[in-house]
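K.L.:
For reference, the structure I am asking about is given below.
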Amino acid sequence: MSVLERIVASKKQELIQTKESVPLEKLLGRIPEEPPVSLTSALAQSGVNIIAEIKYKSPSRGEFTCQLACRELAGIYSENGAVALSVLTEKNYFSGDLSFLQEIAEEQPELALLRKDFIVDPYQVVEARSSGACAYLLIVACLSEQKLQSLIHYGQKFQLDALVEVHDPFELEKAINAGAGIIGVNNRNLRTFEVNLDTSFDIARRMEGEGGYTLISESGIEEHSQIVELQDAGFQAFLVGSIFMDSSDPGRKLRQLRGEE
């Protein structure tokens with residue numbers, strides 16, 4: 001069993017207990033009245049659109065250097081030019097928590113927040129909305145095309161954007177067939193954890209001339225020059241976490257990546 005399969009199995013088990021302690025009806029009652037901000041709009045700005053990630057641990061890297069509280073880190077990211085935040089909420093493998101979204105949303109309600117987790121059930125989409133997220137991650141490698149489509153459509157009921165993550169042309173086809181509008185290309189193979197930026201360039205070539213999609217490159221981005229090349233290839237935004245979380249000065253790293261230093 002791969003790490004990805006173990007994480008998904010763990011998540012499904014955890015969900016059984018979560019649904020018992022907080023039934024769906026109760027969760028629906030926690031949804032804020034005001035509509036969420038739009039991730040699509042946040043990523044449509046000119047310039048370097050970086051989705052900065054908050055994650056304290058990962059299976060491939062272990063614990064990261066930066067362990068600042070999520071509110072403090074969110075403030076640093078927004079002050080230094082991030083257009084949106086990706087917040088890990090998976091507990092066992094990434095030391096995340098759903099409460100991180102709530103804390104950041106209370107402090108900075110104008111920020112576009114992406115719930116990054118292993119989402120396999122509509123219940124988790126409602127969790128994202130009720131916790132202050134405006135978008136949620138769907139990993140094609142974890143889902144059938146039918147399940148992917150139903151989870152995209154379910155989020156639309158709550159005015160949420162779905163960031164649909166692909167890693168190869170086969171997954172890209174599944175994402176497009178399921179109705180994805182925001183497509184994230186993960187340069188990290190979730191089964192081997194190898195990182196290769198050519199993954200993004202390959203997908204970009206296949207998407208050339210296709211309108212109506214927002215393309216995001218994820219993982220392995222460490223230099224401003226890489227961002228310039230990816231923008232030229234057709235990417236509108238970049239999801240970056242490790243180089244910030246492995247730094248004692250994530251704000252400066254963010255400015256450097258944006259080409260400001």
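Chain labels run A, B, ... following the order of the structure tokens; each chain numbers its residues from 1, and ligands are numbered from 1 in the order shown.
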For the interface of region 32-141 of chain A with region 160-176 of chain A (cut-off 12 Å, counting only C-alpha atoms), please tabulate each contacting residue of region 32-141 of chain A alongside its nearest pair of atoms and their separation in Å to one decimal, rows sorted by chain and increasing number, as a tab-separated table.
P.N.:
```
residue	atom	partner	partner_atom	distance
A:Pro35	CA	A:Leu160	CA	9.0
A:Pro36	CA	A:Leu160	CA	7.3
A:Val37	CA	A:Leu160	CA	8.7
A:Ser38	CA	A:Asp161	CA	7.2
A:Leu39	CA	A:Asp161	CA	6.5
A:Thr40	CA	A:Asp161	CA	7.3
A:Ser41	CA	A:Asp161	CA	10.3
A:Ala42	CA	A:Asp161	CA	11.3
A:Leu43	CA	A:Asp161	CA	11.6
A:Ile51	CA	A:Leu163	CA	11.8
A:Ser86	CA	A:Leu163	CA	10.7
A:Ala112	CA	A:Asp161	CA	10.4
A:Leu113	CA	A:Asp161	CA	10.3
A:Leu114	CA	A:Leu163	CA	8.3
A:Arg115	CA	A:Leu163	CA	9.5
A:Lys116	CA	A:Leu163	CA	9.3
A:Asp117	CA	A:Leu163	CA	11.3
A:Phe118	CA	A:Glu165	CA	11.1
A:Ile119	CA	A:Ala162	CA	10.7
A:Val125	CA	A:Leu160	CA	8.5
A:Val126	CA	A:Leu160	CA	9.7
A:Glu127	CA	A:Leu160	CA	11.6
A:Ala128	CA	A:Leu160	CA	8.9
A:Arg129	CA	A:Leu160	CA	7.3
A:Ser130	CA	A:Leu160	CA	11.0
A:Gly132	CA	A:Leu160	CA	10.5
A:Ala133	CA	A:Leu160	CA	8.0
A:Cys134	CA	A:Leu160	CA	5.2
A:Ala135	CA	A:Asp161	CA	4.5
A:Tyr136	CA	A:Ala162	CA	5.2
A:Leu137	CA	A:Leu163	CA	4.9
A:Leu138	CA	A:Val164	CA	4.8
A:Ile139	CA	A:Glu165	CA	4.8
A:Val140	CA	A:Val166	CA	5.8
A:Ala141	CA	A:Glu171	CA	7.2
```
K.L.:
Mind checking which residues fall within 7 Å of region 198-206 of chain A, counting only C-alpha atoms, ignoring those fewer than 5 positions away in the same chain, and posting them as a ChimeraX atom specification?
P.N.:
/A:167,169,185,187,217,233-234
K.L.:
Work out how far CA of Ser131 (chain A) is from CA of Gln102 (chain A), in Å to one decimal.
P.N.:
5.0 Å
K.L.:
Taking only region 2-192 of chain A into account, list the residues labelled strand (DSSP E) by DSSP (computed from the backbone), as a ChimeraX atom specification.
P.N.:
/A:50-54,57-58,62-63,84-88,112-116,135-139,161-166,182-186
K.L.:
Tell me which of A:Gln231, A:Gln226, A:Ser60, A:Gln159 sits closest to Leu257 (chain A), counting only C-alpha atoms.
P.N.:
A:Gln226
K.L.:
Which neighbours of region 20-24 of chain A fall inside 10 Å, counting only C-alpha atoms, when residues of the same chain fewer than 4 positions from it are skipped, and could you give them as a list of chain:residue names?
P.N.:
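My reading of the contact set: A:Leu15, A:Ile16, A:Leu28, A:Gly29, A:Pro122, A:Tyr123, A:Gln124, A:Val126, A:Glu127.
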K.L.:
Create the file for the chosen residues now, containing all heavy atoms and written as a JSON list (two decimals), in the first residue's frame.
P.N.:
```json
[["chain", "number", "residue", "atom", "x", "y", "z"],
["A", 15, "LEU", "N", -13.26, 9.78, 9.32],
["A", 15, "LEU", "CA", -14.55, 10.38, 8.97],
["A", 15, "LEU", "C", -15.73, 9.70, 9.66],
["A", 15, "LEU", "O", -16.72, 10.34, 10.00],
["A", 15, "LEU", "CB", -14.76, 10.35, 7.45],
["A", 15, "LEU", "CG", -14.30, 11.58, 6.68],
["A", 15, "LEU", "CD1", -14.33, 11.31, 5.17],
["A", 15, "LEU", "CD2", -15.15, 12.79, 7.01],
["A", 16, "ILE", "N", -15.62, 8.38, 9.85],
["A", 16, "ILE", "CA", -16.69, 7.63, 10.52],
["A", 16, "ILE", "C", -16.94, 8.22, 11.91],
["A", 16, "ILE", "O", -18.08, 8.49, 12.31],
["A", 16, "ILE", "CB", -16.35, 6.13, 10.61],
["A", 16, "ILE", "CG1", -16.28, 5.52, 9.21],
["A", 16, "ILE", "CG2", -17.36, 5.40, 11.48],
["A", 16, "ILE", "CD1", -15.68, 4.12, 9.16],
["A", 28, "LEU", "N", -24.13, 21.74, 8.81],
["A", 28, "LEU", "CA", -24.79, 22.66, 7.87],
["A", 28, "LEU", "C", -25.26, 23.93, 8.58],
["A", 28, "LEU", "O", -25.26, 25.02, 8.00],
["A", 28, "LEU", "CB", -25.96, 21.97, 7.18],
["A", 28, "LEU", "CG", -25.61, 20.92, 6.12],
["A", 28, "LEU", "CD1", -26.81, 20.04, 5.78],
["A", 28, "LEU", "CD2", -25.06, 21.58, 4.86],
["A", 29, "GLY", "N", -25.64, 23.78, 9.84],
["A", 29, "GLY", "CA", -26.08, 24.93, 10.62],
["A", 29, "GLY", "C", -24.96, 25.90, 10.95],
["A", 29, "GLY", "O", -25.22, 27.04, 11.38],
["A", 122, "PRO", "N", -18.62, 14.20, 0.56],
["A", 122, "PRO", "CA", -19.27, 15.52, 0.58],
["A", 122, "PRO", "C", -19.24, 16.19, 1.96],
["A", 122, "PRO", "O", -19.21, 17.43, 2.05],
["A", 122, "PRO", "CB", -20.72, 15.21, 0.16],
["A", 122, "PRO", "CG", -20.63, 13.93, -0.60],
["A", 122, "PRO", "CD", -19.52, 13.16, 0.01],
["A", 123, "TYR", "N", -19.24, 15.39, 3.00],
["A", 123, "TYR", "CA", -19.18, 15.93, 4.37],
["A", 123, "TYR", "C", -17.97, 16.86, 4.54],
["A", 123, "TYR", "O", -18.07, 17.91, 5.18],
["A", 123, "TYR", "CB", -19.10, 14.77, 5.36],
["A", 123, "TYR", "CG", -19.07, 15.16, 6.83],
["A", 123, "TYR", "CD1", -20.25, 15.28, 7.56],
["A", 123, "TYR", "CD2", -17.86, 15.42, 7.48],
["A", 123, "TYR", "CE1", -20.23, 15.63, 8.90],
["A", 123, "TYR", "CE2", -17.83, 15.78, 8.82],
["A", 123, "TYR", "CZ", -19.02, 15.89, 9.52],
["A", 123, "TYR", "OH", -18.99, 16.24, 10.86],
["A", 124, "GLN", "N", -16.84, 16.49, 3.94],
["A", 124, "GLN", "CA", -15.62, 17.29, 4.08],
["A", 124, "GLN", "C", -15.74, 18.63, 3.35],
["A", 124, "GLN", "O", -15.10, 19.60, 3.73],
["A", 124, "GLN", "CB", -14.42, 16.51, 3.54],
["A", 124, "GLN", "CG", -14.06, 15.28, 4.35],
["A", 124, "GLN", "CD", -13.14, 14.36, 3.59],
["A", 124, "GLN", "OE1", -13.54, 13.65, 2.67],
["A", 124, "GLN", "NE2", -11.86, 14.40, 3.96],
["A", 126, "VAL", "N", -18.56, 20.35, 3.20],
["A", 126, "VAL", "CA", -19.32, 21.18, 4.15],
["A", 126, "VAL", "C", -18.41, 21.64, 5.29],
["A", 126, "VAL", "O", -18.49, 22.78, 5.74],
["A", 126, "VAL", "CB", -20.55, 20.41, 4.70],
["A", 126, "VAL", "CG1", -21.36, 21.29, 5.64],
["A", 126, "VAL", "CG2", -21.43, 19.92, 3.56],
["A", 127, "GLU", "N", -17.53, 20.76, 5.74],
["A", 127, "GLU", "CA", -16.55, 21.14, 6.77],
["A", 127, "GLU", "C", -15.72, 22.34, 6.30],
["A", 127, "GLU", "O", -15.49, 23.28, 7.07],
["A", 127, "GLU", "CB", -15.58, 19.98, 7.04],
["A", 127, "GLU", "CG", -16.08, 18.92, 7.98],
["A", 127, "GLU", "CD", -15.01, 17.89, 8.29],
["A", 127, "GLU", "OE1", -14.23, 17.53, 7.39],
["A", 127, "GLU", "OE2", -14.95, 17.44, 9.44]]
```
K.L.:
Rank A:Val120, A:Leu190, A:Leu151, A:Leu215 by their smallest atom-to-atom distance to Ser58 (chain A), using only C-alpha atoms, and report the top residue only.
P.N.:
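Smallest separation from Ser58 (chain A) among the options: A:Leu190.
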K.L.:
Hey, what's within 6 Å of region 70-72 of chain A if we count only C-alpha atoms and toss same-chain stuff fewer than 2 positions away? As a list in words, please?
P.N.:
Ala74, Gly75 and Ile104 of chain A
K.L.:
Can you list, as a PyMOL selection string, every residue of region 48-218 of chain A that DSSP puts in alpha helix (DSSP H)?
P.N.:
chain A and resi 70-79+91-94+98-107+122-130+145-156+169-178+198-207
K.L.:
Write out as a ChimeraX atom specification each polymer residue whose atoms come within 6 Å of region 244-249 of chain A, counting only C-alpha atoms; drop sequence neighbours fewer than 6 positions from it.
P.N.:
/A:64-66
K.L.:
Excluding region 81-83 of chain A and its own-chain neighbours fewer than 3 positions away, which residues fall within 9 Å of it when counting only C-alpha atoms? Please give them as number ranges by chain.
P.N.:
A: 39, 42-43, 45, 48-52, 76-78, 111-112, 251, 254-255, 258
K.L.:
Mind checking which residues fall within 10 Å of Asn196 (chain A), counting only C-alpha atoms, ignoring those fewer than 6 positions away in the same chain, and posting them as a PyMOL selection string?
P.N.:
chain A and resi 186-189+219-221
K.L.:
Write out the residues from the selection above, keeping all heavy atoms, as a compact mmCIF listing (two decimals), in the first residue's frame.
P.N.:
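Generated output (again.txt):
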```
# COMPACT_ATOMS: atom_id res chain seq x y z
N ASN A 186 0.47 18.96 -9.95
CA ASN A 186 1.42 18.64 -8.88
C ASN A 186 2.68 18.04 -9.48
O ASN A 186 2.65 16.97 -10.08
CB ASN A 186 0.79 17.67 -7.87
CG ASN A 186 1.57 17.63 -6.57
OD1 ASN A 186 2.73 18.03 -6.50
ND2 ASN A 186 0.94 17.15 -5.51
N ASN A 187 3.79 18.77 -9.33
CA ASN A 187 5.07 18.29 -9.85
C ASN A 187 5.66 17.17 -9.00
O ASN A 187 6.66 16.58 -9.36
CB ASN A 187 6.06 19.45 -9.93
CG ASN A 187 5.55 20.56 -10.83
OD1 ASN A 187 5.19 20.33 -11.98
ND2 ASN A 187 5.47 21.77 -10.30
N ARG A 188 5.02 16.93 -7.83
CA ARG A 188 5.45 15.83 -6.97
C ARG A 188 4.55 14.62 -7.21
O ARG A 188 3.33 14.71 -7.09
CB ARG A 188 5.38 16.23 -5.50
CG ARG A 188 5.74 15.07 -4.55
CD ARG A 188 5.76 15.49 -3.09
NE ARG A 188 6.96 16.23 -2.78
CZ ARG A 188 7.00 17.53 -2.49
NH1 ARG A 188 5.88 18.23 -2.47
NH2 ARG A 188 8.12 18.14 -2.23
N ASN A 189 5.16 13.51 -7.56
CA ASN A 189 4.43 12.27 -7.72
C ASN A 189 4.02 11.79 -6.33
O ASN A 189 4.88 11.50 -5.49
CB ASN A 189 5.32 11.23 -8.42
CG ASN A 189 4.59 9.94 -8.73
OD1 ASN A 189 3.83 9.42 -7.91
ND2 ASN A 189 4.81 9.42 -9.92
N SER A 219 4.36 22.48 -6.16
CA SER A 219 5.50 21.69 -5.68
C SER A 219 6.78 21.92 -6.50
O SER A 219 6.73 22.02 -7.73
CB SER A 219 5.21 20.18 -5.66
OG SER A 219 4.11 19.90 -4.83
N GLY A 220 7.89 21.99 -5.78
CA GLY A 220 9.20 22.07 -6.41
C GLY A 220 9.59 23.43 -6.93
O GLY A 220 10.62 23.58 -7.59
N ILE A 221 8.78 24.46 -6.65
CA ILE A 221 9.09 25.81 -7.14
C ILE A 221 9.91 26.54 -6.07
O ILE A 221 9.45 26.74 -4.96
CB ILE A 221 7.79 26.59 -7.46
CG1 ILE A 221 7.01 25.85 -8.55
CG2 ILE A 221 8.10 28.02 -7.88
CD1 ILE A 221 5.59 26.32 -8.73
```
